[in-house]
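Novice: Next comes the structure file query.pdb, holding PDB, C-alpha atoms, pLDDT in the B column.
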ATOM      1  CA  MET B   1      14.630  32.940  63.728  1.00 49.00           C
ATOM      2  CA  GLY B   2      16.576  34.731  66.497  1.00 54.00           C
ATOM      3  CA  ASN B   3      17.569  33.451  69.900  1.00 57.00           C
ATOM      4  CA  LEU B   4      14.416  33.098  71.984  1.00 58.00           C
ATOM      5  CA  TRP B   5      16.386  33.479  75.224  1.00 63.00           C
ATOM      6  CA  ARG B   6      17.925  36.816  74.352  1.00 63.00           C
ATOM      7  CA  THR B   7      16.560  39.699  76.424  1.00 63.00           C
ATOM      8  CA  GLN B   8      16.466  43.456  75.972  1.00 66.00           C
ATOM      9  CA  HIS B   9      19.208  43.717  78.624  1.00 61.00           C
ATOM     10  CA  ASP B  10      21.494  41.446  76.550  1.00 59.00           C
ATOM     11  CA  GLU B  11      21.078  43.718  73.527  1.00 66.00           C
ATOM     12  CA  GLN B  12      21.935  46.804  75.608  1.00 64.00           C
ATOM     13  CA  VAL B  13      25.055  45.117  76.996  1.00 59.00           C
ATOM     14  CA  ASN B  14      26.127  44.184  73.467  1.00 64.00           C
ATOM     15  CA  ASP B  15      25.627  47.780  72.322  1.00 66.00           C
ATOM     16  CA  VAL B  16      27.763  49.070  75.202  1.00 61.00           C
ATOM     17  CA  CYS B  17      30.472  46.522  74.415  1.00 58.00           C
ATOM     18  CA  ARG B  18      30.493  47.492  70.740  1.00 62.00           C
ATOM     19  CA  TYR B  19      30.774  51.165  71.697  1.00 61.00           C
ATOM     20  CA  ARG B  20      33.717  50.480  74.025  1.00 63.00           C
ATOM     21  CA  VAL B  21      35.517  48.484  71.347  1.00 57.00           C
ATOM     22  CA  LEU B  22      35.046  51.299  68.833  1.00 56.00           C
ATOM     23  CA  MET B  23      36.247  53.908  71.294  1.00 57.00           C
ATOM     24  CA  SER B  24      39.242  51.870  72.427  1.00 60.00           C
ATOM     25  CA  THR B  25      40.542  51.675  68.862  1.00 61.00           C
ATOM     26  CA  SER B  26      40.546  55.469  68.544  1.00 63.00           C
ATOM     27  CA  PRO B  27      43.885  56.767  67.216  1.00 73.00           C
ATOM     28  CA  LEU B  28      43.776  59.725  69.634  1.00 78.00           C
ATOM     29  CA  THR B  29      46.172  59.244  72.495  1.00 87.00           C
ATOM     30  CA  PRO B  30      45.666  61.384  75.605  1.00 88.00           C
ATOM     31  CA  ALA B  31      48.603  63.614  74.569  1.00 90.00           C
ATOM     32  CA  LEU B  32      47.179  64.051  71.079  1.00 91.00           C
ATOM     33  CA  GLN B  33      43.766  64.850  72.558  1.00 91.00           C
ATOM     34  CA  LYS B  34      45.279  67.562  74.772  1.00 93.00           C
ATOM     35  CA  SER B  35      47.039  69.067  71.769  1.00 95.00           C
ATOM     36  CA  LEU B  36      43.894  68.969  69.675  1.00 95.00           C
ATOM     37  CA  TYR B  37      41.851  70.613  72.433  1.00 96.00           C
ATOM     38  CA  ALA B  38      44.516  73.302  72.863  1.00 97.00           C
ATOM     39  CA  PHE B  39      44.567  74.068  69.142  1.00 98.00           C
ATOM     40  CA  VAL B  40      40.773  74.212  68.976  1.00 97.00           C
ATOM     41  CA  ALA B  41      40.744  76.528  72.007  1.00 97.00           C
ATOM     42  CA  ASP B  42      43.304  78.819  70.354  1.00 98.00           C
ATOM     43  CA  ALA B  43      41.361  78.910  67.086  1.00 98.00           C
ATOM     44  CA  ALA B  44      38.070  79.512  68.918  1.00 97.00           C
ATOM     45  CA  LEU B  45      39.585  82.444  70.814  1.00 97.00           C
ATOM     46  CA  ILE B  46      40.793  83.987  67.558  1.00 97.00           C
ATOM     47  CA  PHE B  47      37.314  83.550  66.083  1.00 95.00           C
ATOM     48  CA  LEU B  48      35.888  85.168  69.208  1.00 95.00           C
ATOM     49  CA  PHE B  49      38.183  88.169  68.798  1.00 94.00           C
ATOM     50  CA  ILE B  50      37.195  88.657  65.158  1.00 93.00           C
ATOM     51  CA  PHE B  51      33.509  88.019  65.871  1.00 92.00           C
ATOM     52  CA  ILE B  52      33.424  90.648  68.635  1.00 92.00           C
ATOM     53  CA  GLY B  53      35.305  93.138  66.471  1.00 89.00           C
ATOM     54  CA  THR B  54      33.123  92.718  63.406  1.00 87.00           C
ATOM     55  CA  ARG B  55      29.968  93.031  65.511  1.00 87.00           C
ATOM     56  CA  ASN B  56      31.176  96.105  67.383  1.00 87.00           C
ATOM     57  CA  HIS B  57      32.262  97.913  64.216  1.00 82.00           C
ATOM     58  CA  ASP B  58      29.473  96.519  62.025  1.00 78.00           C
ATOM     59  CA  THR B  59      31.925  95.401  59.338  1.00 79.00           C
ATOM     60  CA  ASN B  60      32.158  92.048  57.568  1.00 75.00           C
ATOM     61  CA  THR B  61      29.379  90.649  59.756  1.00 76.00           C
ATOM     62  CA  ASP B  62      28.390  87.898  57.325  1.00 84.00           C
ATOM     63  CA  THR B  63      30.001  84.469  57.555  1.00 86.00           C
ATOM     64  CA  ALA B  64      32.316  85.033  54.598  1.00 87.00           C
ATOM     65  CA  GLY B  65      33.458  88.347  56.047  1.00 85.00           C
ATOM     66  CA  VAL B  66      34.226  86.870  59.462  1.00 87.00           C
ATOM     67  CA  LEU B  67      36.095  83.956  57.863  1.00 91.00           C
ATOM     68  CA  SER B  68      38.137  86.217  55.581  1.00 90.00           C
ATOM     69  CA  THR B  69      39.038  88.457  58.509  1.00 91.00           C
ATOM     70  CA  THR B  70      39.952  85.451  60.657  1.00 94.00           C
ATOM     71  CA  ALA B  71      41.999  83.649  57.980  1.00 96.00           C
ATOM     72  CA  PRO B  72      45.299  85.569  58.308  1.00 96.00           C
ATOM     73  CA  PHE B  73      45.346  85.074  62.064  1.00 97.00           C
ATOM     74  CA  LEU B  74      44.504  81.373  61.793  1.00 98.00           C
ATOM     75  CA  ILE B  75      47.316  80.981  59.267  1.00 98.00           C
ATOM     76  CA  GLY B  76      49.655  82.709  61.727  1.00 98.00           C
ATOM     77  CA  LEU B  77      48.439  80.387  64.485  1.00 98.00           C
ATOM     78  CA  ILE B  78      49.044  77.287  62.347  1.00 98.00           C
ATOM     79  CA  VAL B  79      52.521  78.489  61.375  1.00 98.00           C
ATOM     80  CA  GLY B  80      53.230  79.084  65.058  1.00 98.00           C
ATOM     81  CA  TRP B  81      52.026  75.628  66.063  1.00 98.00           C
ATOM     82  CA  CYS B  82      54.290  74.077  63.412  1.00 98.00           C
ATOM     83  CA  ALA B  83      57.336  76.265  64.069  1.00 98.00           C
ATOM     84  CA  LEU B  84      57.171  75.828  67.844  1.00 98.00           C
ATOM     85  CA  ARG B  85      56.015  72.210  67.684  1.00 97.00           C
ATOM     86  CA  ALA B  86      53.439  73.299  70.204  1.00 97.00           C
ATOM     87  CA  TRP B  87      51.758  69.892  70.206  1.00 95.00           C
ATOM     88  CA  LYS B  88      54.629  68.610  72.369  1.00 95.00           C
ATOM     89  CA  ALA B  89      53.685  70.936  75.233  1.00 95.00           C
ATOM     90  CA  PRO B  90      50.472  72.690  74.208  1.00 96.00           C
ATOM     91  CA  ARG B  91      49.639  74.147  77.616  1.00 95.00           C
ATOM     92  CA  THR B  92      52.927  75.842  78.503  1.00 96.00           C
ATOM     93  CA  ILE B  93      53.031  79.591  78.911  1.00 97.00           C
ATOM     94  CA  ALA B  94      56.166  79.764  76.755  1.00 97.00           C
ATOM     95  CA  ASN B  95      54.295  78.200  73.846  1.00 97.00           C
ATOM     96  CA  GLY B  96      51.399  80.565  74.488  1.00 97.00           C
ATOM     97  CA  VAL B  97      53.714  83.567  74.193  1.00 98.00           C
ATOM     98  CA  GLY B  98      55.274  82.180  71.011  1.00 98.00           C
ATOM     99  CA  LEU B  99      51.900  81.402  69.468  1.00 98.00           C
ATOM    100  CA  TRP B 100      50.648  84.866  70.373  1.00 98.00           C
ATOM    101  CA  LEU B 101      53.621  86.492  68.634  1.00 98.00           C
ATOM    102  CA  PHE B 102      53.349  84.285  65.534  1.00 98.00           C
ATOM    103  CA  THR B 103      49.608  84.888  65.336  1.00 98.00           C
ATOM    104  CA  ILE B 104      49.878  88.665  65.602  1.00 97.00           C
ATOM    105  CA  VAL B 105      52.949  89.243  63.420  1.00 97.00           C
ATOM    106  CA  ILE B 106      52.027  86.852  60.627  1.00 97.00           C
ATOM    107  CA  GLY B 107      48.328  87.686  60.890  1.00 96.00           C
ATOM    108  CA  MET B 108      48.954  91.429  60.529  1.00 95.00           C
ATOM    109  CA  LEU B 109      51.427  90.993  57.679  1.00 95.00           C
ATOM    110  CA  LEU B 110      49.082  88.675  55.789  1.00 95.00           C
ATOM    111  CA  ARG B 111      46.130  90.942  56.489  1.00 92.00           C
ATOM    112  CA  ARG B 112      47.992  93.932  55.064  1.00 91.00           C
ATOM    113  CA  PHE B 113      49.824  92.404  52.098  1.00 92.00           C
ATOM    114  CA  ALA B 114      48.049  89.179  51.105  1.00 91.00           C
ATOM    115  CA  PHE B 115      44.442  89.861  52.063  1.00 87.00           C
ATOM    116  CA  ASP B 116      44.648  93.542  51.115  1.00 83.00           C
ATOM    117  CA  ASP B 117      42.971  94.716  54.305  1.00 81.00           C
ATOM    118  CA  GLY B 118      44.124  97.606  56.371  1.00 78.00           C
ATOM    119  CA  ALA B 119      45.866  97.319  59.712  1.00 79.00           C
ATOM    120  CA  ALA B 120      45.113 100.525  61.613  1.00 85.00           C
ATOM    121  CA  GLY B 121      47.229 101.266  64.664  1.00 89.00           C
ATOM    122  CA  ALA B 122      44.298 100.895  67.051  1.00 90.00           C
ATOM    123  CA  PHE B 123      43.426  97.505  65.527  1.00 90.00           C
ATOM    124  CA  ILE B 124      47.004  96.299  65.985  1.00 93.00           C
ATOM    125  CA  VAL B 125      47.006  97.384  69.626  1.00 96.00           C
ATOM    126  CA  VAL B 126      43.631  95.816  70.410  1.00 95.00           C
ATOM    127  CA  ALA B 127      44.497  92.589  68.561  1.00 95.00           C
ATOM    128  CA  THR B 128      47.818  92.334  70.364  1.00 97.00           C
ATOM    129  CA  ILE B 129      46.319  92.874  73.813  1.00 97.00           C
ATOM    130  CA  PHE B 130      43.233  90.686  73.330  1.00 97.00           C
ATOM    131  CA  ASN B 131      45.212  87.794  71.869  1.00 97.00           C
ATOM    132  CA  ALA B 132      47.850  88.068  74.605  1.00 97.00           C
ATOM    133  CA  PHE B 133      45.183  87.767  77.270  1.00 97.00           C
ATOM    134  CA  THR B 134      43.480  84.856  75.555  1.00 97.00           C
ATOM    135  CA  LEU B 135      46.273  82.770  73.983  1.00 97.00           C
ATOM    136  CA  VAL B 136      48.603  83.185  76.953  1.00 98.00           C
ATOM    137  CA  GLY B 137      45.905  83.678  79.586  1.00 97.00           C
ATOM    138  CA  TRP B 138      44.170  80.318  79.308  1.00 97.00           C
ATOM    139  CA  ARG B 139      47.548  78.580  79.510  1.00 97.00           C
ATOM    140  CA  PHE B 140      48.435  80.551  82.637  1.00 97.00           C
ATOM    141  CA  ILE B 141      45.155  79.515  84.247  1.00 96.00           C
ATOM    142  CA  ALA B 142      45.653  75.876  83.204  1.00 95.00           C
ATOM    143  CA  GLU B 143      49.174  75.876  84.612  1.00 94.00           C
ATOM    144  CA  GLN B 144      48.023  77.363  87.917  1.00 94.00           C
ATOM    145  CA  LEU B 145      45.249  74.784  88.206  1.00 94.00           C
ATOM    146  CA  SER B 146      47.593  71.878  87.447  1.00 90.00           C
ATOM    147  CA  GLU B 147      50.134  73.160  90.010  1.00 90.00           C
ATOM    148  CA  ARG B 148      47.387  73.475  92.600  1.00 90.00           C
ATOM    149  CA  LYS B 149      46.157  69.974  91.787  1.00 88.00           C
ATOM    150  CA  ALA B 150      49.699  68.576  92.025  1.00 88.00           C
ATOM    151  CA  SER B 151      50.345  70.233  95.387  1.00 88.00           C
ATOM    152  CA  ARG B 152      47.158  68.727  96.821  1.00 86.00           C
ATOM    153  CA  GLY B 153      47.732  65.208  95.830  1.00 69.00           C
TER
END
Translate this structure into C-alpha cells?
Specialist:
Amino acid sequence: MGNLWRTQHDEQVNDVCRYRVLMSTSPLTPALQKSLYAFVADAALIFLFIFIGTRNHDTNTDTAGVLSTTAPFLIGLIVGWCALRAWKAPRTIANGVGLWLFTIVIGMLLRRFAFDDGAAGAFIVVATIFNAFTLVGWRFIAEQLSERKASRG
C-alpha cells in the first residue's frame, strides 16, 4: 500500500525533479549544442535548395530523388565540417565561406562523376549563389546580432 499522505502535487514535483536530473546528465555541452544546431541548419538549407529546385523543374520530386540529389552536397558539407573543424567556431563567416566552397566543389564533382548526374552551367551558377547566400548569410546575420547584443550589454 502506498503512502497515504502523498498528494498529486508531490508526484508532479517528483516528475519535474526526475526530468531535471535526466536533462542535467545530457552529454551535450552548450558549445556542442551550438555546433549541432549549425550543422543541422546547414544541412536543412541544402535540402531546401534541392527541394525548391526539384519542385520548380519537376524532376526527382519523390523522396528518393530528392535524397539522391542532395547526397553529393551533404557529403561535401560533411567533408567541409571535418576539414575546417567547423565545430570549433560554427558561426563564423570564415567557416561559412569555407563550407560553401567545400559544399559546391565537392558536391558538383560527386554529382558529375560519382552520382552520374549532369551539372549544367546554369545549375552550377544557381547552386553557387543560393548556397553562398544561405551558408554564409545566416552566419553573417548571427554575427551581426551577437555584435549588437554585445554592444548593448
Novice: Which residues would end up in the selection if the PyMOL selection byres ((chain B and resi 98) around 10) were applied here, given that I need the answer as a list in words?
Specialist: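 Answer for the PyMOL selection byres ((chain B and resi 98) around 10): Leu77, Gly80, Trp81, Ala83, Leu84, Ala86, Ile93, Ala94, Asn95, Gly96, Val97, Leu99, Trp100, Leu101, Phe102, Thr103, Leu135 and Val136 of chain B.
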Novice: Return the single residue from B:Pro72, B:Thr92, B:Asp62, B:Phe51 that is closest to B:Ser146, with distances computed using only C-alpha atoms.
Specialist: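 The closest residue to B:Ser146 is B:Thr92.
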Novice: Taking all atoms listed in the file into account, name the residue in B:Arg139, B:Lys34, B:Arg111, B:Arg55 that is nearest to B:Trp87.
Specialist: B:Lys34
Novice: Just to confirm, what's the straight-line distance from atom CA of B:Ile75 to atom CA of B:Asp58 in Å (one decimal)?
Specialist: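 Atom CA of B:Asp58 lies at a distance of 23.8 Å from atom CA of B:Ile75.
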Novice: Can you report as AutoDock Vina command-line options the centre and edge lengths in Å, to one decimal, of an axis-aligned box around the listed atoms of stretch 100-111 of chain B padded with 3 Å on each side?
Specialist:
--center_x 49.9 --center_y 87.9 --center_z 63.1 --size_x 13.5 --size_y 13.1 --size_z 20.6
Novice: When the PyMOL selection byres ((chain B and resi 127) around 12) is applied to the structure above, which residues does it catch, written out as an NGL selection string?
Specialist: :B and (45-50 or 52-53 or 70 or 73 or 100-101 or 103-105 or 107-108 or 119-126 or 128-135)
Novice: Selected by the PyMOL selection byres ((chain B and resi 115) around 9) in the shown coordinates: which residues, as a compact mmCIF listing (two decimals) with C-alpha atoms, in the coordinates of the input?
Specialist:
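Below you can see out_1.txt, which holds the result:
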# COMPACT_ATOMS: atom_id res chain seq x y z
CA SER B 68 38.14 86.22 55.58
CA THR B 69 39.04 88.46 58.51
CA ALA B 71 42.00 83.65 57.98
CA PRO B 72 45.30 85.57 58.31
CA LEU B 110 49.08 88.68 55.79
CA ARG B 111 46.13 90.94 56.49
CA ARG B 112 47.99 93.93 55.06
CA PHE B 113 49.82 92.40 52.10
CA ALA B 114 48.05 89.18 51.10
CA ASP B 116 44.65 93.54 51.12
CA ASP B 117 42.97 94.72 54.30
CA GLY B 118 44.12 97.61 56.37
Novice: Have a look at atom CA of B:Gly76 and atom CA of B:Ile106 and let me know their distance in Å, one decimal.
Specialist: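 The value is 4.9 Å.
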Novice: Can you tell me how far atom CA of B:Phe140 sits from atom CA of B:Ala41, in Å to one decimal?
Specialist: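 One can read the atom CA of B:Phe140 to atom CA of B:Ala41 distance as 13.7 Å.
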Novice: For each of B:Pro90, B:Trp138, B:Ile78, B:Leu109, take the minimum atom-to-atom distance to B:Ser35, counting only C-alpha atoms, then give the residue where this is smallest.
Specialist: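 Between B:Pro90, B:Trp138, B:Ile78, B:Leu109, the residue approaching B:Ser35 most closely is B:Pro90.
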Novice: Since the input has fewer atoms than a full residue there, write stretch 32-60 of chain B out with N, CA and C atoms, as a compact mmCIF listing (two decimals), in the frame of the given file.
Specialist:
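Writing done, so here's rebuild-v5.txt:
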# COMPACT_ATOMS: atom_id res chain seq x y z
N LEU B 32 47.70 63.49 72.33
CA LEU B 32 47.18 64.05 71.08
C LEU B 32 45.85 64.76 71.32
N GLN B 33 45.04 64.20 72.21
CA GLN B 33 43.77 64.85 72.56
C GLN B 33 44.00 66.21 73.19
N LYS B 34 44.97 66.29 74.13
CA LYS B 34 45.28 67.56 74.77
C LYS B 34 45.74 68.59 73.74
N SER B 35 46.56 68.16 72.81
CA SER B 35 47.04 69.07 71.77
C SER B 35 45.90 69.53 70.88
N LEU B 36 45.03 68.62 70.52
CA LEU B 36 43.89 68.97 69.68
C LEU B 36 42.97 69.95 70.39
N TYR B 37 42.69 69.70 71.66
CA TYR B 37 41.85 70.61 72.43
C TYR B 37 42.50 71.99 72.55
N ALA B 38 43.81 72.02 72.75
CA ALA B 38 44.52 73.30 72.86
C ALA B 38 44.45 74.08 71.55
N PHE B 39 44.64 73.39 70.43
CA PHE B 39 44.57 74.07 69.14
C PHE B 39 43.16 74.59 68.88
N VAL B 40 42.17 73.79 69.17
CA VAL B 40 40.77 74.21 68.98
C VAL B 40 40.46 75.41 69.88
N ALA B 41 40.96 75.39 71.10
CA ALA B 41 40.74 76.53 72.01
C ALA B 41 41.39 77.79 71.44
N ASP B 42 42.62 77.66 70.95
CA ASP B 42 43.30 78.82 70.35
C ASP B 42 42.52 79.37 69.16
N ALA B 43 42.11 78.48 68.27
CA ALA B 43 41.36 78.91 67.09
C ALA B 43 40.03 79.54 67.49
N ALA B 44 39.36 78.96 68.47
CA ALA B 44 38.07 79.51 68.92
C ALA B 44 38.25 80.91 69.51
N LEU B 45 39.33 81.13 70.24
CA LEU B 45 39.58 82.44 70.81
C LEU B 45 39.88 83.49 69.73
N ILE B 46 40.56 83.07 68.68
CA ILE B 46 40.79 83.99 67.56
C ILE B 46 39.47 84.31 66.86
N PHE B 47 38.64 83.30 66.65
CA PHE B 47 37.31 83.55 66.08
C PHE B 47 36.51 84.49 66.98
N LEU B 48 36.60 84.30 68.28
CA LEU B 48 35.89 85.17 69.21
C LEU B 48 36.35 86.62 69.06
N PHE B 49 37.64 86.83 68.97
CA PHE B 49 38.18 88.17 68.80
C PHE B 49 37.63 88.82 67.53
N ILE B 50 37.67 88.11 66.43
CA ILE B 50 37.20 88.66 65.16
C ILE B 50 35.68 88.86 65.21
N PHE B 51 34.96 87.92 65.79
CA PHE B 51 33.51 88.02 65.87
C PHE B 51 33.10 89.26 66.66
N ILE B 52 33.74 89.46 67.82
CA ILE B 52 33.42 90.65 68.64
C ILE B 52 33.74 91.92 67.86
N GLY B 53 34.90 91.95 67.22
CA GLY B 53 35.30 93.14 66.47
C GLY B 53 34.39 93.46 65.31
N THR B 54 34.00 92.45 64.56
CA THR B 54 33.12 92.72 63.41
C THR B 54 31.74 93.15 63.87
N ARG B 55 31.28 92.62 64.98
CA ARG B 55 29.97 93.03 65.51
C ARG B 55 30.01 94.45 66.07
N ASN B 56 31.07 94.78 66.79
CA ASN B 56 31.18 96.10 67.38
C ASN B 56 31.33 97.21 66.34
N HIS B 57 32.02 96.90 65.25
CA HIS B 57 32.26 97.91 64.22
C HIS B 57 31.34 97.75 63.01
N ASP B 58 30.45 96.77 63.08
CA ASP B 58 29.47 96.52 62.02
C ASP B 58 30.12 96.40 60.64
N THR B 59 31.23 95.65 60.60
CA THR B 59 31.92 95.40 59.34
C THR B 59 32.08 93.90 59.13
N ASN B 60 31.96 93.46 57.91
CA ASN B 60 32.16 92.05 57.57
C ASN B 60 31.39 91.12 58.51
